[in-house]
>>> print(open('structure38.cif').read())   # mmCIF, C-alpha atoms
data_model
loop_
_atom_site.label_atom_id
_atom_site.label_comp_id
_atom_site.auth_asym_id
_atom_site.auth_seq_id
_atom_site.Cartn_x
_atom_site.Cartn_y
_atom_site.Cartn_z
CA MET A 12 -28.65 -13.54 -31.90
CA ARG A 13 -26.57 -10.90 -33.61
CA TYR A 14 -27.25 -8.57 -30.68
CA GLY A 15 -26.06 -11.27 -28.29
CA LYS A 16 -22.80 -11.75 -30.20
CA SER A 17 -22.10 -8.03 -30.36
CA THR A 18 -22.75 -7.74 -26.64
CA LEU A 19 -20.37 -10.64 -25.97
CA TYR A 20 -17.67 -9.12 -28.15
CA GLY A 21 -18.12 -5.76 -26.45
CA THR A 22 -17.80 -7.36 -23.01
CA ILE A 23 -14.65 -9.22 -24.07
CA MET A 24 -13.20 -6.02 -25.49
CA LYS A 25 -13.92 -4.03 -22.32
CA HIS A 26 -12.44 -6.71 -20.08
CA GLY A 27 -9.40 -6.94 -22.36
CA VAL A 28 -8.79 -3.20 -22.13
CA LEU A 29 -9.23 -3.29 -18.35
CA ALA A 30 -6.83 -6.23 -18.05
CA LEU A 31 -4.25 -4.44 -20.20
CA GLY A 32 -4.59 -1.32 -18.06
CA ALA A 33 -4.20 -3.40 -14.90
CA VAL A 34 -0.98 -4.90 -16.27
CA PHE A 35 0.51 -1.46 -16.90
CA VAL A 36 -0.56 -0.22 -13.45
CA LEU A 37 0.67 -3.27 -11.54
CA ALA A 38 3.92 -3.81 -13.46
CA PRO A 39 6.02 -1.33 -11.40
CA PHE A 40 4.78 -2.84 -8.13
CA VAL A 41 5.50 -6.38 -9.32
CA GLN A 42 8.98 -5.28 -10.37
CA MET A 43 9.49 -3.61 -6.97
CA VAL A 44 8.55 -6.75 -5.03
CA SER A 45 10.62 -8.92 -7.39
CA THR A 46 13.69 -6.71 -6.96
CA SER A 47 13.30 -6.84 -3.18
CA LEU A 48 13.75 -10.61 -3.36
CA LYS A 49 16.88 -10.61 -5.56
CA SER A 50 20.55 -10.52 -4.69
CA SER A 51 22.77 -7.66 -5.83
CA GLN A 52 24.38 -9.85 -8.51
CA ASP A 53 20.97 -10.86 -9.84
CA ILE A 54 19.82 -7.23 -9.98
CA ALA A 55 23.02 -6.17 -11.76
CA GLN A 56 22.31 -8.64 -14.58
CA GLY A 57 19.28 -6.57 -15.52
CA GLY A 58 16.34 -7.81 -17.57
CA LEU A 59 12.67 -8.15 -16.71
CA ARG A 60 12.91 -11.52 -15.02
CA ILE A 61 10.28 -11.69 -12.26
CA ILE A 62 11.41 -14.87 -10.48
CA PRO A 63 14.84 -14.30 -8.89
CA ARG A 64 17.74 -16.46 -10.04
CA GLU A 65 19.29 -16.02 -6.60
CA TRP A 66 17.02 -15.36 -3.62
CA ALA A 67 18.08 -12.79 -1.04
CA ALA A 68 14.75 -11.88 0.56
CA TRP A 69 15.91 -12.40 4.16
CA GLU A 70 19.06 -10.31 3.69
CA ASN A 71 17.25 -7.46 1.91
CA TYR A 72 14.37 -7.16 4.36
CA THR A 73 16.67 -7.50 7.36
CA GLU A 74 18.88 -4.70 6.05
CA ALA A 75 15.79 -2.58 5.34
CA PHE A 76 14.99 -2.62 9.06
CA THR A 77 18.55 -2.37 10.38
CA ALA A 78 20.28 0.08 8.01
CA THR A 79 17.80 2.86 8.82
CA PRO A 80 15.19 3.30 11.60
CA LEU A 81 12.38 2.29 9.23
CA LEU A 82 9.93 1.51 12.04
CA LEU A 83 10.45 5.01 13.46
CA TYR A 84 9.75 6.54 10.04
CA MET A 85 6.58 4.49 9.73
CA LEU A 86 5.50 5.48 13.24
CA ASN A 87 5.98 9.13 12.28
CA GLY A 88 3.88 8.51 9.19
CA VAL A 89 1.10 6.97 11.29
CA ILE A 90 1.11 9.87 13.76
CA VAL A 91 1.01 12.50 11.01
CA THR A 92 -1.63 10.84 8.82
CA VAL A 93 -3.95 9.93 11.72
CA CYS A 94 -3.77 13.43 13.23
CA ILE A 95 -4.35 15.09 9.85
CA PHE A 96 -7.34 12.89 9.05
CA ALA A 97 -8.91 13.33 12.51
CA LEU A 98 -8.63 17.12 12.32
CA GLN A 99 -9.85 17.18 8.72
CA VAL A 100 -12.98 15.26 9.72
CA LEU A 101 -13.51 17.54 12.73
CA ILE A 102 -13.61 20.55 10.38
CA ALA A 103 -15.06 19.04 7.19
CA LEU A 104 -18.23 17.52 8.67
CA PRO A 105 -19.71 20.75 10.16
CA CYS A 106 -18.68 22.74 7.07
CA ALA A 107 -20.22 20.20 4.71
CA TYR A 108 -23.42 20.07 6.77
CA ALA A 109 -23.73 23.86 6.68
CA LEU A 110 -23.26 23.89 2.90
CA ALA A 111 -25.65 21.00 2.28
CA LYS A 112 -28.52 21.35 4.77
CA LEU A 113 -28.58 24.85 6.27
CA ARG A 114 -30.08 27.81 4.45
CA TRP A 115 -28.15 31.05 4.84
CA ARG A 116 -27.27 34.01 2.69
CA GLY A 117 -24.16 33.48 0.58
CA ARG A 118 -24.16 29.69 0.84
CA ASP A 119 -23.87 29.15 -2.92
CA THR A 120 -21.10 31.74 -3.15
CA VAL A 121 -19.13 30.03 -0.40
CA PHE A 122 -19.58 26.66 -2.10
CA ALA A 123 -18.32 28.18 -5.36
CA LEU A 124 -15.23 29.38 -3.49
CA VAL A 125 -14.74 25.85 -2.13
CA LEU A 126 -14.81 24.53 -5.69
CA LEU A 127 -12.37 27.25 -6.73
CA CYS A 128 -9.97 26.23 -3.97
CA LEU A 129 -9.92 22.71 -5.42
CA LEU A 130 -8.08 24.18 -8.41
CA ILE A 131 -5.23 25.65 -6.32
CA PRO A 132 -2.26 23.24 -6.08
CA PRO A 133 -0.69 23.02 -2.61
CA HIS A 134 2.74 23.85 -4.06
CA ALA A 135 1.45 27.30 -5.07
CA VAL A 136 1.05 28.35 -1.41
CA ALA A 137 4.01 26.41 -0.03
CA ILE A 138 6.29 29.44 0.41
CA PRO A 139 3.74 31.63 2.30
CA VAL A 140 2.83 28.70 4.56
CA TYR A 141 6.52 27.97 5.18
CA ILE A 142 7.16 31.61 6.15
CA LEU A 143 4.13 31.54 8.48
CA LEU A 144 5.35 28.38 10.22
CA PHE A 145 8.83 29.89 10.51
CA LYS A 146 7.46 33.00 12.22
CA MET A 147 5.41 30.79 14.54
CA GLY A 148 8.59 28.89 15.45
CA ILE A 149 7.18 25.43 14.75
CA LEU A 150 9.33 24.28 11.84
CA ASP A 151 10.88 20.84 12.26
CA THR A 152 8.03 19.61 14.48
CA TYR A 153 5.00 17.38 14.08
CA ALA A 154 2.89 20.54 14.04
CA SER A 155 4.59 21.76 10.86
CA LEU A 156 3.61 18.50 9.17
CA ILE A 157 0.01 18.53 10.40
CA LEU A 158 -1.33 22.08 10.68
CA PRO A 159 -1.12 23.10 6.98
CA PHE A 160 -3.46 20.24 6.02
CA ILE A 161 -6.15 20.25 8.70
CA ILE A 162 -8.60 21.99 6.34
CA SER A 163 -9.31 19.75 3.37
CA VAL A 164 -11.28 21.45 0.61
CA PHE A 165 -11.73 18.09 -1.09
CA GLY A 166 -13.05 16.61 2.15
CA ILE A 167 -15.60 19.40 2.53
CA PHE A 168 -16.72 18.93 -1.08
CA LEU A 169 -16.96 15.15 -0.79
CA MET A 170 -18.90 15.21 2.47
CA ARG A 171 -21.21 17.95 1.18
CA GLN A 172 -22.07 15.83 -1.84
CA PHE A 173 -22.84 12.89 0.44
CA PHE A 174 -24.97 14.97 2.81
CA MET A 175 -27.05 16.12 -0.17
CA THR A 176 -28.27 12.52 -0.49
CA VAL A 177 -29.50 12.39 3.14
CA PRO A 178 -33.29 13.02 3.36
CA ASP A 179 -34.30 16.31 4.95
CA ASP A 180 -37.00 14.44 6.89
CA LEU A 181 -34.29 12.75 8.96
CA ILE A 182 -32.87 16.12 9.98
CA ASP A 183 -36.31 17.59 10.66
CA ALA A 184 -37.12 14.66 12.94
CA ALA A 185 -33.87 15.22 14.86
CA ARG A 186 -34.74 18.90 15.30
CA MET A 187 -38.20 18.00 16.58
CA ASP A 188 -36.49 15.78 19.18
CA GLY A 189 -34.66 18.88 20.43
CA MET A 190 -31.22 18.23 18.96
CA SER A 191 -28.95 21.18 18.25
CA GLU A 192 -27.32 21.55 14.85
CA PHE A 193 -23.96 20.33 16.18
CA ALA A 194 -25.65 17.31 17.75
CA ILE A 195 -27.27 16.53 14.40
CA VAL A 196 -23.86 16.67 12.71
CA TRP A 197 -22.18 14.22 15.07
CA ARG A 198 -25.09 11.99 16.17
CA VAL A 199 -27.14 11.80 12.98
CA MET A 200 -25.09 12.81 9.95
CA ALA A 201 -21.71 11.34 10.93
CA PRO A 202 -22.99 7.75 11.41
CA THR A 203 -24.74 7.86 8.04
CA ALA A 204 -21.59 9.21 6.38
CA VAL A 205 -19.34 6.25 7.25
CA PRO A 206 -18.91 5.15 3.58
CA ALA A 207 -17.97 8.68 2.53
CA LEU A 208 -15.62 9.01 5.52
CA VAL A 209 -13.90 5.75 4.57
CA ALA A 210 -13.48 6.96 0.98
CA PHE A 211 -12.14 10.31 2.15
CA GLY A 212 -9.89 8.60 4.69
CA ILE A 213 -8.26 6.49 1.99
CA PHE A 214 -7.60 9.56 -0.14
CA SER A 215 -6.25 11.54 2.82
CA VAL A 216 -4.04 8.82 4.29
CA ILE A 217 -2.51 7.87 0.93
CA ALA A 218 -1.83 11.50 0.03
CA HIS A 219 -0.08 12.36 3.29
CA TRP A 220 1.62 9.00 3.83
CA ASN A 221 3.26 9.36 0.41
CA ASP A 222 3.94 13.11 0.68
CA TYR A 223 7.60 13.84 -0.01
CA PHE A 224 7.61 17.53 -0.93
CA TRP A 225 6.33 19.13 2.29
CA PRO A 226 8.31 17.06 4.85
CA LEU A 227 11.42 17.66 2.75
CA ILE A 228 11.24 21.45 3.19
CA VAL A 229 10.03 21.70 6.80
CA LEU A 230 12.06 18.93 8.48
CA SER A 231 15.73 18.89 9.36
CA SER A 232 15.72 16.30 12.18
CA GLU A 233 16.01 12.75 10.93
CA GLU A 234 14.01 11.37 13.89
CA LEU A 235 10.92 13.14 12.49
CA TYR A 236 11.28 11.80 8.94
CA THR A 237 8.20 10.28 7.34
CA PRO A 238 8.40 7.07 5.21
CA PRO A 239 9.15 8.77 1.84
CA LEU A 240 12.00 10.79 3.35
CA GLY A 241 13.27 7.71 5.13
CA ILE A 242 13.42 5.74 1.89
CA ALA A 243 15.20 8.65 0.17
CA THR A 244 17.98 8.47 2.78
CA PHE A 245 18.36 4.71 2.31
CA ARG A 246 21.83 4.61 0.83
CA THR A 247 25.41 3.88 1.84
CA ALA A 248 28.44 6.11 1.44
CA GLU A 249 30.37 3.37 -0.33
CA VAL A 250 28.05 2.21 -3.09
CA GLY A 251 25.14 4.68 -3.04
CA TYR A 252 21.74 3.10 -3.47
CA VAL A 253 21.52 -0.63 -2.74
CA PHE A 254 18.47 -1.56 -4.76
CA GLY A 255 17.56 -4.84 -3.07
CA PRO A 256 17.14 -3.41 0.45
CA LEU A 257 15.79 -0.16 -1.03
CA MET A 258 12.97 -2.01 -2.80
CA ALA A 259 12.39 -4.07 0.35
CA ALA A 260 11.92 -0.84 2.33
CA ALA A 261 9.57 0.53 -0.34
CA THR A 262 7.54 -2.69 -0.21
CA ILE A 263 7.26 -2.47 3.58
CA VAL A 264 6.12 1.16 3.40
CA ILE A 265 3.49 0.49 0.73
CA ALA A 266 2.15 -2.73 2.29
CA PRO A 267 -0.01 -1.06 5.02
CA LEU A 268 -1.77 1.09 2.40
CA VAL A 269 -2.53 -1.91 0.21
CA ILE A 270 -3.83 -3.95 3.15
CA ALA A 271 -5.98 -1.06 4.39
CA PHE A 272 -7.49 -0.54 0.95
CA LEU A 273 -8.28 -4.24 0.53
CA PHE A 274 -10.20 -4.22 3.81
CA ALA A 275 -12.00 -0.95 3.04
CA GLN A 276 -12.58 -1.27 -0.70
CA ARG A 277 -16.29 -2.08 -0.41
CA ARG A 278 -16.95 0.98 1.75
CA PHE A 279 -14.70 3.02 -0.52
CA ILE A 280 -16.68 2.14 -3.65
CA GLU A 281 -19.95 2.68 -1.79
CA GLY A 282 -18.83 6.10 -0.56
CA ILE A 283 -17.67 7.25 -4.00
CA THR A 284 -20.92 6.00 -5.60
CA LEU A 285 -23.23 7.68 -3.10
CA THR A 286 -21.45 11.04 -3.28
CA GLY A 287 -22.27 11.22 -6.96
CA MET A 288 -26.02 10.65 -6.62
CA LYS A 289 -26.81 14.39 -6.40
#
>>> encode(input="structure38.cif", output="structure tokens")
Amino acid sequence: MRYGKSTLYGTIMKHGVLALGAVFVLAPFVQMVSTSLKSSQDIAQGGLRIIPREWAAWENYTEAFTATPLLLYMLNGVIVTVCIFALQVLIALPCAYALAKLRWRGRDTVFALVLLCLLIPPHAVAIPVYILLFKMGILDTYASLILPFIISVFGIFLMRQFFMTVPDDLIDAARMDGMSEFAIVWRVMAPTAVPALVAFGIFSVIAHWNDYFWPLIVLSSEELYTPPLGIATFRTAEVGYVFGPLMAAATIVIAPLVIAFLFAQRRFIEGITLTGMK
């Protein structure tokens, strides 16, 4: 009985800590949505009031779409993130298969280098990459936003860990059927790796949808701005930042990511769990 009580208290404690953590994580988003519904006078009064005293949702969200070409910025974000993810998968799957299932001299050394590359922050190589793109003459284009990220070291690592859980018998059977190694990658391994691909896709899309640093230094044309840059330009010459419409624009930009994660969360958890089995 004592063991049952201690287990109950431990469960309550763990759930309490998780609930407290959730409050701290969700508080900024709740405040963002709340501010997007308030009038300028209500926002100026300050405080942590969640329910607006004076509603201005229609005005704020209408201005978010009309004051700046927000839909164009979001379209740019979709083009960039989809292209980056597609090219990352095209490169990561064969590389991960070679590191997980093929035997060749130097494989462990190459994998160690992959792990080492995980420790290099992208900002550390930003200047050399910028100079390279400048010499190629592709600054201020979609290519300058996409090409530096088509090789994802994290994607190779994640997919390699997932492929390690795939039985070798499945691959041997495919070879006996006469499949080439590339056919095995795309017709056997890729369908089994859907959970890991969903998990990697969420990481990739969120990272590049929210990227502010790289578009800021390679873009000069406003028609190519991605959502973070578009929100940063959301201001007027008279009063500077207008926080109601600004928070409405931020809510609109974040909403697709939240909706996508809610639909894919089961696959995401499954993918993360399976990649840690070996």
>>> residues_around(input="structure38.cif", residues="region 136-143 of chain A", least_positions_apart="3", cutoff="12 Å", atoms="only C-alpha atoms", output="PyMOL selection string")
chain A and resi 128+131-133+146-151+155-156+158-160+224-230
>>> closest_residue(input="structure38.cif", among="A:Cys106, A:Ile161, A:Leu268, A:Met258", to="Ser45 (chain A)", atoms="all atoms listed in the file")
A:Met258
>>> atom_distance(input="structure38.cif", atom1="CA of His219 (chain A)", atom2="CA of Pro239 (chain A)")
10.0 Å
>>> residues_around(input="structure38.cif", residues="Leu81 (chain A)", least_positions_apart="6", cutoff="10 Å", atoms="all atoms listed in the file", output="PyMOL selection string")
chain A and resi 75+87+236-238+241-242+245+260+263-264
>>> residues_around(input="structure38.cif", residues="Leu48 (chain A)", least_positions_apart="4", cutoff="9 Å", atoms="all atoms listed in the file", output="PyMOL selection string")
chain A and resi 43-44+62-63+65-72+255-256+258-259
>>> atom_distance(input="structure38.cif", atom1="CA of Val121 (chain A)", atom2="CA of Leu144 (chain A)")
26.7 Å
>>> atom_distance(input="structure38.cif", atom1="CA of Val269 (chain A)", atom2="CA of Val216 (chain A)")
11.6 Å
>>> resolve_selection(input="structure38.cif", expression="the PyMOL selection byres ((chain A and resi 168) around 10)", output="list of chain:residue names")
A:Ala103, A:Leu104, A:Cys106, A:Ala107, A:Leu110, A:Ala111, A:Phe122, A:Val125, A:Leu126, A:Leu129, A:Ser163, A:Val164, A:Phe165, A:Gly166, A:Ile167, A:Leu169, A:Met170, A:Arg171, A:Gln172, A:Phe173, A:Phe174, A:Thr286
>>> write_last_selection(input="structure38.cif", atoms="C-alpha atoms", output="compact mmCIF listing (two decimals), in the frame of the given file")
# COMPACT_ATOMS: atom_id res chain seq x y z
CA ALA A 103 -15.06 19.04 7.19
CA LEU A 104 -18.23 17.52 8.67
CA CYS A 106 -18.68 22.74 7.07
CA ALA A 107 -20.22 20.20 4.71
CA LEU A 110 -23.26 23.89 2.90
CA ALA A 111 -25.65 21.00 2.28
CA PHE A 122 -19.58 26.66 -2.10
CA VAL A 125 -14.74 25.85 -2.13
CA LEU A 126 -14.81 24.53 -5.69
CA LEU A 129 -9.92 22.71 -5.42
CA SER A 163 -9.31 19.75 3.37
CA VAL A 164 -11.28 21.45 0.61
CA PHE A 165 -11.73 18.09 -1.09
CA GLY A 166 -13.05 16.61 2.15
CA ILE A 167 -15.60 19.40 2.53
CA LEU A 169 -16.96 15.15 -0.79
CA MET A 170 -18.90 15.21 2.47
CA ARG A 171 -21.21 17.95 1.18
CA GLN A 172 -22.07 15.83 -1.84
CA PHE A 173 -22.84 12.89 0.44
CA PHE A 174 -24.97 14.97 2.81
CA THR A 286 -21.45 11.04 -3.28
>>> closest_residue(input="structure38.cif", among="A:Gln42, A:Gln99, A:Ser215, A:Thr22", to="Ile54 (chain A)", atoms="only C-alpha atoms")
A:Gln42
>>> closest_residue(input="structure38.cif", among="A:Leu240, A:Gly88, A:Val253, A:Val177", to="Lys49 (chain A)", atoms="all atoms listed in the file")
A:Val253
>>> build_atoms(input="structure38.cif", residues="region 154-165 of chain A", atoms="all heavy atoms", output="compact mmCIF listing (two decimals), in the frame of the given file")
# COMPACT_ATOMS: atom_id res chain seq x y z
N ALA A 154 3.89 19.52 14.37
CA ALA A 154 2.89 20.54 14.04
C ALA A 154 3.09 21.09 12.63
O ALA A 154 2.13 21.37 11.93
CB ALA A 154 2.95 21.68 15.06
N SER A 155 4.34 21.25 12.20
CA SER A 155 4.59 21.76 10.86
C SER A 155 4.16 20.79 9.78
O SER A 155 3.90 21.19 8.64
CB SER A 155 6.07 22.09 10.70
OG SER A 155 6.87 20.91 10.79
N LEU A 156 4.08 19.50 10.12
CA LEU A 156 3.61 18.50 9.17
C LEU A 156 2.10 18.37 9.15
O LEU A 156 1.52 17.93 8.15
CB LEU A 156 4.22 17.13 9.50
CG LEU A 156 5.73 16.99 9.39
CD1 LEU A 156 6.17 15.63 9.93
CD2 LEU A 156 6.19 17.17 7.96
N ILE A 157 1.45 18.77 10.25
CA ILE A 157 0.01 18.53 10.40
C ILE A 157 -0.83 19.76 10.12
O ILE A 157 -1.80 19.72 9.35
CB ILE A 157 -0.27 18.00 11.83
CG1 ILE A 157 0.40 16.65 12.04
CG2 ILE A 157 -1.78 17.90 12.08
CD1 ILE A 157 0.39 16.16 13.47
N LEU A 158 -0.47 20.90 10.71
CA LEU A 158 -1.33 22.08 10.68
C LEU A 158 -1.67 22.58 9.27
O LEU A 158 -2.81 23.00 9.04
CB LEU A 158 -0.69 23.22 11.49
CG LEU A 158 -0.66 23.01 13.01
CD1 LEU A 158 -0.02 24.21 13.69
CD2 LEU A 158 -2.06 22.78 13.55
N PRO A 159 -0.75 22.57 8.31
CA PRO A 159 -1.12 23.10 6.98
C PRO A 159 -2.20 22.30 6.26
O PRO A 159 -2.74 22.79 5.26
CB PRO A 159 0.21 23.05 6.20
CG PRO A 159 1.27 23.05 7.24
CD PRO A 159 0.70 22.27 8.38
N PHE A 160 -2.53 21.11 6.75
CA PHE A 160 -3.46 20.24 6.02
C PHE A 160 -4.73 19.92 6.78
O PHE A 160 -5.50 19.04 6.37
CB PHE A 160 -2.74 18.92 5.65
CG PHE A 160 -1.46 19.12 4.89
CD1 PHE A 160 -0.24 19.00 5.54
CD2 PHE A 160 -1.49 19.46 3.56
CE1 PHE A 160 0.94 19.20 4.85
CE2 PHE A 160 -0.31 19.66 2.86
CZ PHE A 160 0.91 19.53 3.50
N ILE A 161 -4.98 20.62 7.89
CA ILE A 161 -6.15 20.25 8.70
C ILE A 161 -7.46 20.67 8.04
O ILE A 161 -8.52 20.16 8.39
CB ILE A 161 -6.05 20.85 10.12
CG1 ILE A 161 -6.00 22.37 10.07
CG2 ILE A 161 -4.85 20.29 10.85
CD1 ILE A 161 -6.04 23.02 11.44
N ILE A 162 -7.41 21.62 7.11
CA ILE A 162 -8.60 21.99 6.34
C ILE A 162 -8.47 21.37 4.96
O ILE A 162 -7.60 21.74 4.17
CB ILE A 162 -8.77 23.51 6.24
CG1 ILE A 162 -8.93 24.13 7.62
CG2 ILE A 162 -9.97 23.85 5.36
CD1 ILE A 162 -9.04 25.64 7.61
N SER A 163 -9.32 20.42 4.67
CA SER A 163 -9.31 19.75 3.37
C SER A 163 -10.49 20.22 2.54
O SER A 163 -11.64 19.91 2.85
CB SER A 163 -9.37 18.22 3.56
OG SER A 163 -9.55 17.58 2.31
N VAL A 164 -10.21 20.97 1.49
CA VAL A 164 -11.28 21.45 0.61
C VAL A 164 -11.95 20.26 -0.07
O VAL A 164 -13.18 20.22 -0.22
CB VAL A 164 -10.70 22.43 -0.43
CG1 VAL A 164 -11.80 22.91 -1.37
CG2 VAL A 164 -10.04 23.61 0.27
N PHE A 165 -11.16 19.29 -0.46
CA PHE A 165 -11.73 18.09 -1.09
C PHE A 165 -12.62 17.35 -0.11
O PHE A 165 -13.69 16.84 -0.48
CB PHE A 165 -10.61 17.18 -1.58
CG PHE A 165 -11.10 15.85 -2.10
CD1 PHE A 165 -11.76 15.77 -3.32
CD2 PHE A 165 -10.94 14.70 -1.36
CE1 PHE A 165 -12.22 14.56 -3.79
CE2 PHE A 165 -11.39 13.48 -1.83
CZ PHE A 165 -12.04 13.41 -3.05
